[in-house]
file model.cif (mmCIF, C-alpha atoms, pLDDT in the B column; chains and numbers go by the auth columns)
data_my_file
#
loop_
_atom_site.group_PDB
_atom_site.id
_atom_site.type_symbol
_atom_site.label_atom_id
_atom_site.label_comp_id
_atom_site.label_asym_id
_atom_site.label_seq_id
_atom_site.Cartn_x
_atom_site.Cartn_y
_atom_site.Cartn_z
_atom_site.B_iso_or_equiv
_atom_site.auth_seq_id
_atom_site.auth_asym_id
ATOM 1 C CA MET A 1 31.108 89.067 51.533 62.00 1 A
ATOM 2 C CA ILE A 2 31.874 92.457 50.019 74.00 2 A
ATOM 3 C CA ILE A 3 33.565 93.620 53.240 80.00 3 A
ATOM 4 C CA SER A 4 35.860 90.598 53.275 75.00 4 A
ATOM 5 C CA ARG A 5 36.809 91.221 49.628 79.00 5 A
ATOM 6 C CA VAL A 6 37.593 94.885 50.258 84.00 6 A
ATOM 7 C CA PHE A 7 39.585 93.985 53.365 84.00 7 A
ATOM 8 C CA SER A 8 41.431 91.310 51.372 83.00 8 A
ATOM 9 C CA LEU A 9 42.312 93.851 48.676 86.00 9 A
ATOM 10 C CA ALA A 10 43.634 96.246 51.315 91.00 10 A
ATOM 11 C CA LEU A 11 45.749 93.465 52.844 90.00 11 A
ATOM 12 C CA ARG A 12 47.118 92.444 49.439 90.00 12 A
ATOM 13 C CA ALA A 13 47.980 96.058 48.612 94.00 13 A
ATOM 14 C CA GLY A 14 49.802 96.371 51.946 95.00 14 A
ATOM 15 C CA GLN A 15 51.671 93.130 51.251 95.00 15 A
ATOM 16 C CA LEU A 16 52.707 94.430 47.846 96.00 16 A
ATOM 17 C CA ILE A 17 53.894 97.774 49.201 96.00 17 A
ATOM 18 C CA SER A 18 55.859 96.162 52.048 96.00 18 A
ATOM 19 C CA ALA A 19 57.512 93.642 49.728 96.00 19 A
ATOM 20 C CA VAL A 20 58.512 96.381 47.274 96.00 20 A
ATOM 21 C CA ILE A 21 60.079 98.448 50.073 96.00 21 A
ATOM 22 C CA VAL A 22 62.014 95.449 51.418 95.00 22 A
ATOM 23 C CA ALA A 23 63.150 94.488 47.908 96.00 23 A
ATOM 24 C CA GLY A 24 64.355 98.055 47.342 94.00 24 A
ATOM 25 C CA ILE A 25 66.325 98.280 50.583 92.00 25 A
ATOM 26 C CA ILE A 26 67.909 94.837 50.303 93.00 26 A
ATOM 27 C CA GLY A 27 68.484 95.244 46.557 93.00 27 A
ATOM 28 C CA HIS A 28 70.293 98.526 47.147 90.00 28 A
ATOM 29 C CA TYR A 29 72.438 96.849 49.807 88.00 29 A
ATOM 30 C CA LEU A 30 73.248 93.989 47.424 89.00 30 A
ATOM 31 C CA ASP A 31 74.219 96.510 44.740 89.00 31 A
ATOM 32 C CA VAL A 32 76.483 98.434 47.137 85.00 32 A
ATOM 33 C CA LEU A 33 78.197 95.213 48.196 83.00 33 A
ATOM 34 C CA ASN A 34 78.542 94.069 44.599 86.00 34 A
ATOM 35 C CA ASN A 35 80.167 97.363 43.600 86.00 35 A
ATOM 36 C CA ALA A 36 82.551 97.106 46.563 83.00 36 A
ATOM 37 C CA GLY A 37 83.508 93.538 45.616 84.00 37 A
ATOM 38 C CA TYR A 38 82.000 91.822 48.662 83.00 38 A
ATOM 39 C CA TRP A 39 79.905 88.657 48.803 83.00 39 A
ATOM 40 C CA PRO A 40 76.550 89.643 50.323 78.00 40 A
ATOM 41 C CA GLY A 41 75.780 86.432 52.164 83.00 41 A
ATOM 42 C CA SER A 42 72.899 84.056 51.735 90.00 42 A
ATOM 43 C CA ARG A 43 70.567 85.758 54.232 91.00 43 A
ATOM 44 C CA PHE A 44 70.270 88.833 51.999 91.00 44 A
ATOM 45 C CA ILE A 45 69.722 86.790 48.864 93.00 45 A
ATOM 46 C CA TYR A 46 67.059 84.768 50.706 95.00 46 A
ATOM 47 C CA THR A 47 65.340 87.971 51.812 95.00 47 A
ATOM 48 C CA GLU A 48 65.431 89.341 48.274 95.00 48 A
ATOM 49 C CA VAL A 49 63.929 86.110 46.915 96.00 49 A
ATOM 50 C CA VAL A 50 61.175 86.179 49.556 96.00 50 A
ATOM 51 C CA ALA A 51 60.453 89.805 48.691 96.00 51 A
ATOM 52 C CA GLY A 52 60.253 88.871 45.005 96.00 52 A
ATOM 53 C CA LEU A 53 57.883 86.003 45.787 96.00 53 A
ATOM 54 C CA GLY A 54 55.844 88.353 47.941 95.00 54 A
ATOM 55 C CA ILE A 55 55.564 90.885 45.108 96.00 55 A
ATOM 56 C CA LEU A 56 54.539 88.212 42.619 95.00 56 A
ATOM 57 C CA ALA A 57 52.057 86.564 44.987 93.00 57 A
ATOM 58 C CA ALA A 58 50.504 89.852 46.046 92.00 58 A
ATOM 59 C CA LEU A 59 50.058 90.891 42.415 92.00 59 A
ATOM 60 C CA VAL A 60 48.421 87.568 41.507 90.00 60 A
ATOM 61 C CA LEU A 61 46.227 87.473 44.616 87.00 61 A
ATOM 62 C CA LEU A 62 45.281 91.132 44.226 86.00 62 A
ATOM 63 C CA ILE A 63 42.924 90.035 41.449 83.00 63 A
ATOM 64 C CA PRO A 64 39.574 89.858 43.257 72.00 64 A
ATOM 65 C CA PHE A 65 38.492 86.294 42.510 71.00 65 A
ATOM 66 C CA THR A 66 36.985 83.930 45.046 65.00 66 A
ATOM 67 C CA TRP A 67 40.034 81.687 44.980 67.00 67 A
ATOM 68 C CA SER A 68 42.177 84.565 46.191 67.00 68 A
ATOM 69 C CA LEU A 69 40.121 84.551 49.391 71.00 69 A
ATOM 70 C CA THR A 70 40.700 80.842 49.932 73.00 70 A
ATOM 71 C CA ALA A 71 44.486 80.747 49.511 81.00 71 A
ATOM 72 C CA PHE A 72 45.202 80.515 53.220 84.00 72 A
ATOM 73 C CA PRO A 73 47.778 77.664 52.971 88.00 73 A
ATOM 74 C CA PHE A 74 49.865 79.856 50.686 91.00 74 A
ATOM 75 C CA ASP A 75 49.343 82.841 52.997 92.00 75 A
ATOM 76 C CA LEU A 76 50.661 80.788 55.922 94.00 76 A
ATOM 77 C CA VAL A 77 53.692 79.672 53.896 95.00 77 A
ATOM 78 C CA MET A 78 54.456 83.283 52.982 95.00 78 A
ATOM 79 C CA PHE A 79 54.078 84.265 56.640 96.00 79 A
ATOM 80 C CA LEU A 80 56.644 81.623 57.613 97.00 80 A
ATOM 81 C CA LEU A 81 59.045 82.736 54.861 97.00 81 A
ATOM 82 C CA TRP A 82 58.835 86.357 56.048 96.00 82 A
ATOM 83 C CA ILE A 83 59.351 85.353 59.703 97.00 83 A
ATOM 84 C CA ILE A 84 62.451 83.338 58.747 96.00 84 A
ATOM 85 C CA SER A 85 63.744 86.356 56.836 96.00 85 A
ATOM 86 C CA PHE A 86 63.045 88.555 59.856 95.00 86 A
ATOM 87 C CA ALA A 87 64.978 86.177 62.129 94.00 87 A
ATOM 88 C CA LEU A 88 67.934 86.041 59.733 93.00 88 A
ATOM 89 C CA LEU A 89 68.229 89.818 59.571 91.00 89 A
ATOM 90 C CA VAL A 90 67.768 90.241 63.330 89.00 90 A
ATOM 91 C CA ASP A 91 70.611 87.767 63.776 88.00 91 A
ATOM 92 C CA TYR A 92 72.702 89.894 61.402 85.00 92 A
ATOM 93 C CA ILE A 93 72.127 93.235 63.134 84.00 93 A
ATOM 94 C CA ALA A 94 72.272 91.908 66.710 78.00 94 A
ATOM 95 C CA PRO A 95 76.085 92.338 66.994 76.00 95 A
ATOM 96 C CA MET A 96 75.787 95.966 65.806 73.00 96 A
ATOM 97 C CA ASN A 97 74.248 97.020 69.141 72.00 97 A
ATOM 98 C CA CYS A 98 71.761 99.321 67.466 71.00 98 A
ATOM 99 C CA THR A 99 70.154 101.840 69.763 62.00 99 A
ATOM 100 C CA TRP A 100 66.548 102.931 69.585 55.00 100 A
ATOM 101 C CA TYR A 101 67.421 106.546 68.755 51.00 101 A
ATOM 102 C CA ALA A 102 69.384 105.952 65.539 45.00 102 A
ATOM 103 C CA ALA A 103 68.303 108.522 62.969 49.00 103 A
ATOM 104 C CA TRP A 104 66.907 107.395 59.655 48.00 104 A
ATOM 105 C CA SER A 105 68.934 108.258 56.586 48.00 105 A
ATOM 106 C CA PRO A 106 67.598 107.691 53.061 46.00 106 A
ATOM 107 C CA ILE A 107 71.093 106.982 51.702 51.00 107 A
ATOM 108 C CA TYR A 108 72.815 103.722 52.533 52.00 108 A
ATOM 109 C CA PRO A 109 76.138 104.599 54.152 56.00 109 A
ATOM 110 C CA GLY A 110 78.141 101.839 52.436 58.00 110 A
ATOM 111 C CA PRO A 111 79.785 98.567 53.448 57.00 111 A
ATOM 112 C CA ASN A 112 82.614 100.228 55.399 59.00 112 A
ATOM 113 C CA ALA A 113 80.390 102.547 57.450 59.00 113 A
ATOM 114 C CA SER A 114 80.091 102.223 61.175 57.00 114 A
ATOM 115 C CA ALA A 115 77.443 99.968 62.670 55.00 115 A
ATOM 116 C CA GLN A 116 75.470 102.927 64.031 57.00 116 A
ATOM 117 C CA ASP A 117 75.262 104.437 60.550 61.00 117 A
ATOM 118 C CA GLN A 118 73.824 101.198 59.193 72.00 118 A
ATOM 119 C CA CYS A 119 71.306 100.635 61.992 78.00 119 A
ATOM 120 C CA SER A 120 68.563 102.867 60.649 79.00 120 A
ATOM 121 C CA THR A 121 68.570 101.124 57.270 81.00 121 A
ATOM 122 C CA TRP A 122 68.334 97.692 58.846 84.00 122 A
ATOM 123 C CA LYS A 123 65.639 98.785 61.284 86.00 123 A
ATOM 124 C CA THR A 124 63.564 100.052 58.370 88.00 124 A
ATOM 125 C CA ALA A 125 63.993 96.767 56.510 91.00 125 A
ATOM 126 C CA LEU A 126 63.126 94.783 59.630 92.00 126 A
ATOM 127 C CA ALA A 127 60.044 96.879 60.281 93.00 127 A
ATOM 128 C CA PHE A 128 58.657 96.304 56.793 96.00 128 A
ATOM 129 C CA ILE A 129 59.540 92.604 56.890 96.00 129 A
ATOM 130 C CA PHE A 130 57.594 92.281 60.135 96.00 130 A
ATOM 131 C CA ILE A 131 54.679 94.314 58.757 96.00 131 A
ATOM 132 C CA SER A 132 54.579 92.112 55.677 96.00 132 A
ATOM 133 C CA ALA A 133 54.631 88.942 57.791 96.00 133 A
ATOM 134 C CA LEU A 134 51.732 90.216 59.884 96.00 134 A
ATOM 135 C CA LEU A 135 49.756 91.159 56.776 95.00 135 A
ATOM 136 C CA TRP A 136 50.208 87.646 55.384 94.00 136 A
ATOM 137 C CA LEU A 137 49.078 86.174 58.709 95.00 137 A
ATOM 138 C CA VAL A 138 45.982 88.390 58.884 93.00 138 A
ATOM 139 C CA SER A 139 45.223 87.494 55.274 91.00 139 A
ATOM 140 C CA ALA A 140 45.434 83.795 56.158 90.00 140 A
ATOM 141 C CA PHE A 141 43.052 84.266 59.084 90.00 141 A
ATOM 142 C CA LEU A 142 40.651 86.199 56.861 87.00 142 A
ATOM 143 C CA ALA A 143 40.757 83.412 54.267 83.00 143 A
ATOM 144 C CA MET A 144 40.116 80.780 56.944 86.00 144 A
ATOM 145 C CA TRP A 145 37.181 82.801 58.215 84.00 145 A
ATOM 146 C CA VAL A 146 35.728 83.140 54.704 79.00 146 A
ATOM 147 C CA VAL A 147 36.121 79.419 54.033 77.00 147 A
ATOM 148 C CA HIS A 148 34.528 78.575 57.385 74.00 148 A
ATOM 149 C CA ARG A 149 31.670 81.013 56.839 71.00 149 A
ATOM 150 C CA THR A 150 30.876 79.854 53.318 68.00 150 A
ATOM 151 C CA GLY A 151 31.182 76.199 54.282 61.00 151 A
ATOM 152 C CA ARG A 152 28.463 76.286 56.925 58.00 152 A
ATOM 153 C CA SER A 153 26.086 78.664 55.159 52.00 153 A
ATOM 154 C CA ARG A 154 22.670 77.247 54.238 56.00 154 A
ATOM 155 C CA ASP A 155 22.054 79.883 51.584 55.00 155 A
ATOM 156 C CA PRO A 156 22.804 78.385 48.120 56.00 156 A
ATOM 157 C CA THR A 157 23.940 81.779 46.793 55.00 157 A
ATOM 158 C CA VAL A 158 26.714 82.009 49.385 52.00 158 A
ATOM 159 C CA ARG A 159 27.929 78.412 49.320 54.00 159 A
ATOM 160 C CA ARG A 160 30.750 77.529 46.962 55.00 160 A
ATOM 161 C CA ARG A 161 30.061 74.808 44.439 56.00 161 A
ATOM 162 C CA ARG A 162 32.398 71.884 44.189 59.00 162 A
ATOM 163 C CA TRP A 163 34.631 71.905 41.144 56.00 163 A
ATOM 164 C CA TYR A 164 33.278 68.529 39.976 57.00 164 A
ATOM 165 C CA SER A 165 29.571 69.361 40.196 57.00 165 A
ATOM 166 C CA SER A 166 29.073 72.397 38.051 55.00 166 A
ATOM 167 C CA HIS A 167 25.488 72.965 36.952 54.00 167 A
ATOM 168 C CA TYR A 168 24.726 74.685 33.717 51.00 168 A
#
call {"tool": "encode", "arguments": {"input": "model.cif", "output": "structure tokens"}}
result
Amino acid sequence: MIISRVFSLALRAGQLISAVIVAGIIGHYLDVLNNAGYWPGSRFIYTEVVAGLGILAALVLLIPFTWSLTAFPFDLVMFLLWIISFALLVDYIAPMNCTWYAAWSPIYPGPNASAQDQCSTWKTALAFIFISALLWLVSAFLAMWVVHRTGRSRDPTVRRRRWYSSHY
């Protein structure tokens, strides 16, 4: 059980880090568009909201309680939200014809920059969105495994007690 808790903490930390990176990249893009007077579009706002939910959920589930290991329905919902965000941003950068050799630049080139200048920023955001989605999926599988393992255990110290039958 201790290995699953440590692995769960590592997954939650990875989810938190990925969500913070995505929120930073998309938030910077939203700020650049706002300063230029452009409407960012709903796909970026959706991605920022999902990143915010991911940060909040990872912080709450980072607390090592037993219930954080059994939150697999929420993990699956977060996985689906991240995959939808990934699809929305892939649909946005598809017309840019990004090549695989675009260099990474830490400074966003701006709303009027060429598509090739913007590709590295979007590839970084897409990579961390995909990483975050996979971490949520692995966390859901880990939670399902823990629930399955504790449900069929014959040892009373491993088995979870029902909420309605607490013994003092």
call {"tool": "resolve_selection", "arguments": {"input": "model.cif", "expression": "the PyMOL selection byres ((chain A and resi 48) around 10)", "output": "list of chain:residue names"}}
result
A:Ala19, A:Val20, A:Val22, A:Ala23, A:Gly24, A:Ile25, A:Ile26, A:Gly27, A:Leu30, A:Ser42, A:Arg43, A:Phe44, A:Ile45, A:Tyr46, A:Thr47, A:Val49, A:Val50, A:Ala51, A:Gly52, A:Leu53, A:Gly54, A:Ser85
call {"tool": "resolve_selection", "arguments": {"input": "model.cif", "expression": "the PyMOL selection byres ((chain A and resi 67-84) around 10)", "output": "ChimeraX atom specification"}}
result
/A:4-5,8-9,12,19,43,46-47,49-51,53-54,57-58,60-66,85-90,128-148
call {"tool": "atom_distance", "arguments": {"input": "model.cif", "atom1": "atom CA of Ser18 of chain A", "atom2": "atom CA of Gly37 of chain A"}}
result
28.5 Å
call {"tool": "resolve_selection", "arguments": {"input": "model.cif", "expression": "the PyMOL selection byres ((chain A and resi 93) around 12)", "output": "ChimeraX atom specification"}}
result
/A:43,86-92,94-99,115-126
